Amino acid sequence: KCQDCGKSFTERGNLLCHQRIHTKEKPFICTTCGKSFTWCSSLITHRRIHTNERPYACSHCGKTFQRRPHLKYKCEHCGKVFTCGSNLNRHRRIHTGEKPFKC
């Protein structure tokens, strides 16, 4: 149990990681710029700034991003992700067969 906020954990390792919130400990340091982070995952995401890695791509337009949250619109039928809702709506027609425009 956390002595600072009372939150309970089933594993000691999770408690130790949680305590960084209170201690402001930032043990993960970027070797390129020296910026430090509380979580390893934050450092991994940060490194993409230096490497220009963009592992997440929009299924519709191919635009790439460093972070998954930029792909906000996910198709509930097939899982493809899009950067804007209108592209998702257009894509859904593949599954529904909707043809909103007449010849």
# chains A, B, ... in the order shown; residues from 1 in each chain; ligands from 1
>>> residues_around(residues="Phe37 (chain A)", least_positions_apart="5", cutoff="8 Å", atoms="only C-alpha atoms", output="mmCIF file with N, CA and C atoms, in the first residue's frame")
data_model
loop_
_atom_site.group_PDB
_atom_site.id
_atom_site.type_symbol
_atom_site.label_atom_id
_atom_site.label_comp_id
_atom_site.auth_asym_id
_atom_site.auth_seq_id
_atom_site.Cartn_x
_atom_site.Cartn_y
_atom_site.Cartn_z
ATOM 1 N N LYS A 26 12.889 10.281 -11.842
ATOM 2 C CA LYS A 26 12.873 10.100 -13.295
ATOM 3 C C LYS A 26 14.145 9.351 -13.700
ATOM 4 N N PRO A 27 14.114 8.025 -13.554
ATOM 5 C CA PRO A 27 15.333 7.245 -13.778
ATOM 6 C C PRO A 27 15.674 6.948 -15.241
ATOM 7 N N PHE A 28 14.786 7.256 -16.160
ATOM 8 C CA PHE A 28 15.021 6.939 -17.571
ATOM 9 C C PHE A 28 15.475 8.203 -18.302
ATOM 10 N N ILE A 29 16.720 8.198 -18.770
ATOM 11 C CA ILE A 29 17.342 9.398 -19.323
ATOM 12 C C ILE A 29 17.678 9.210 -20.803
ATOM 13 N N SER A 42 7.713 6.286 -21.742
ATOM 14 C CA SER A 42 7.789 7.705 -22.118
ATOM 15 C C SER A 42 9.114 8.012 -22.810
ATOM 16 N N LEU A 43 10.186 7.387 -22.334
ATOM 17 C CA LEU A 43 11.492 7.568 -22.972
ATOM 18 C C LEU A 43 11.483 6.995 -24.386
#
>>> select_by_dssp(residues="chain A", states="strand (DSSP E)", output="list of chain:residue names")
A:Phe28, A:Ile29, A:Ser36, A:Phe37, A:Tyr56, A:Ala57, A:Thr64, A:Phe65, A:Tyr73, A:Lys74, A:Val81, A:Phe82
>>> write_last_selection(atoms="N, CA and C atoms", output="compact mmCIF listing (two decimals), in the first residue's frame")
# COMPACT_ATOMS: atom_id res chain seq x y z
N PHE A 28 14.79 7.26 -16.16
CA PHE A 28 15.02 6.94 -17.57
C PHE A 28 15.47 8.20 -18.30
N ILE A 29 16.72 8.20 -18.77
CA ILE A 29 17.34 9.40 -19.32
C ILE A 29 17.68 9.21 -20.80
N SER A 36 14.89 13.55 -18.84
CA SER A 36 14.61 12.36 -18.03
C SER A 36 13.11 12.12 -17.90
N PHE A 37 12.77 10.85 -17.66
CA PHE A 37 11.37 10.43 -17.66
C PHE A 37 11.09 9.49 -16.49
N TYR A 56 3.19 4.53 -36.56
CA TYR A 56 1.73 4.43 -36.69
C TYR A 56 1.28 5.15 -37.96
N ALA A 57 0.59 4.42 -38.84
CA ALA A 57 0.17 4.99 -40.12
C ALA A 57 -1.34 4.97 -40.27
N THR A 64 1.99 9.17 -41.41
CA THR A 64 2.55 8.44 -40.26
C THR A 64 2.70 9.36 -39.05
N PHE A 65 2.70 8.73 -37.87
CA PHE A 65 2.75 9.46 -36.60
C PHE A 65 3.68 8.77 -35.61
N TYR A 73 -9.64 7.56 -34.95
CA TYR A 73 -10.88 6.98 -35.46
C TYR A 73 -10.64 5.55 -35.96
N LYS A 74 -11.21 4.58 -35.25
CA LYS A 74 -10.97 3.17 -35.55
C LYS A 74 -12.25 2.51 -36.07
N VAL A 81 -7.47 2.31 -38.77
CA VAL A 81 -7.55 3.57 -38.04
C VAL A 81 -7.33 4.76 -38.98
N PHE A 82 -7.97 5.87 -38.62
CA PHE A 82 -7.95 7.06 -39.46
C PHE A 82 -7.72 8.31 -38.62
>>> select_by_dssp(residues="chain A", states="alpha helix (DSSP H)", output="PyMOL selection string")
chain A and resi 12-23+40-51+85-96
>>> closest_residue(among="A:Asn52, A:Thr38, A:Asn89, A:Ser59", to="His18 (chain A)", atoms="only C-alpha atoms")
A:Thr38
>>> residues_around(residues="Gln66 (chain A)", least_positions_apart="3", cutoff="8 Å", atoms="only C-alpha atoms", output="ChimeraX atom specification")
/A:45,48-49,52-56
>>> residues_around(residues="Lys72 (chain A)", least_positions_apart="4", cutoff="10 Å", atoms="only C-alpha atoms", output="list of chain:residue names")
A:Cys58, A:Arg68, A:Val81, A:Phe82, A:Thr83, A:Cys84, A:Gly85, A:Leu88
>>> residues_around(residues="region 1-16 of chain A", least_positions_apart="5", cutoff="12 Å", atoms="only C-alpha atoms", output="ChimeraX atom specification")
/A:21-23,25,38-39
>>> write_last_selection(atoms="C-alpha atoms", output="CSV table (one decimal), in the first residue's frame")
chain,number,residue,atom,x,y,z
A,21,ILE,CA,4.6,9.8,-9.0
A,22,HIS,CA,5.2,11.1,-5.4
A,23,THR,CA,9.0,11.1,-5.4
A,25,GLU,CA,12.0,10.2,-9.6
A,38,THR,CA,9.4,8.7,-15.0
A,39,TRP,CA,8.5,5.8,-17.2
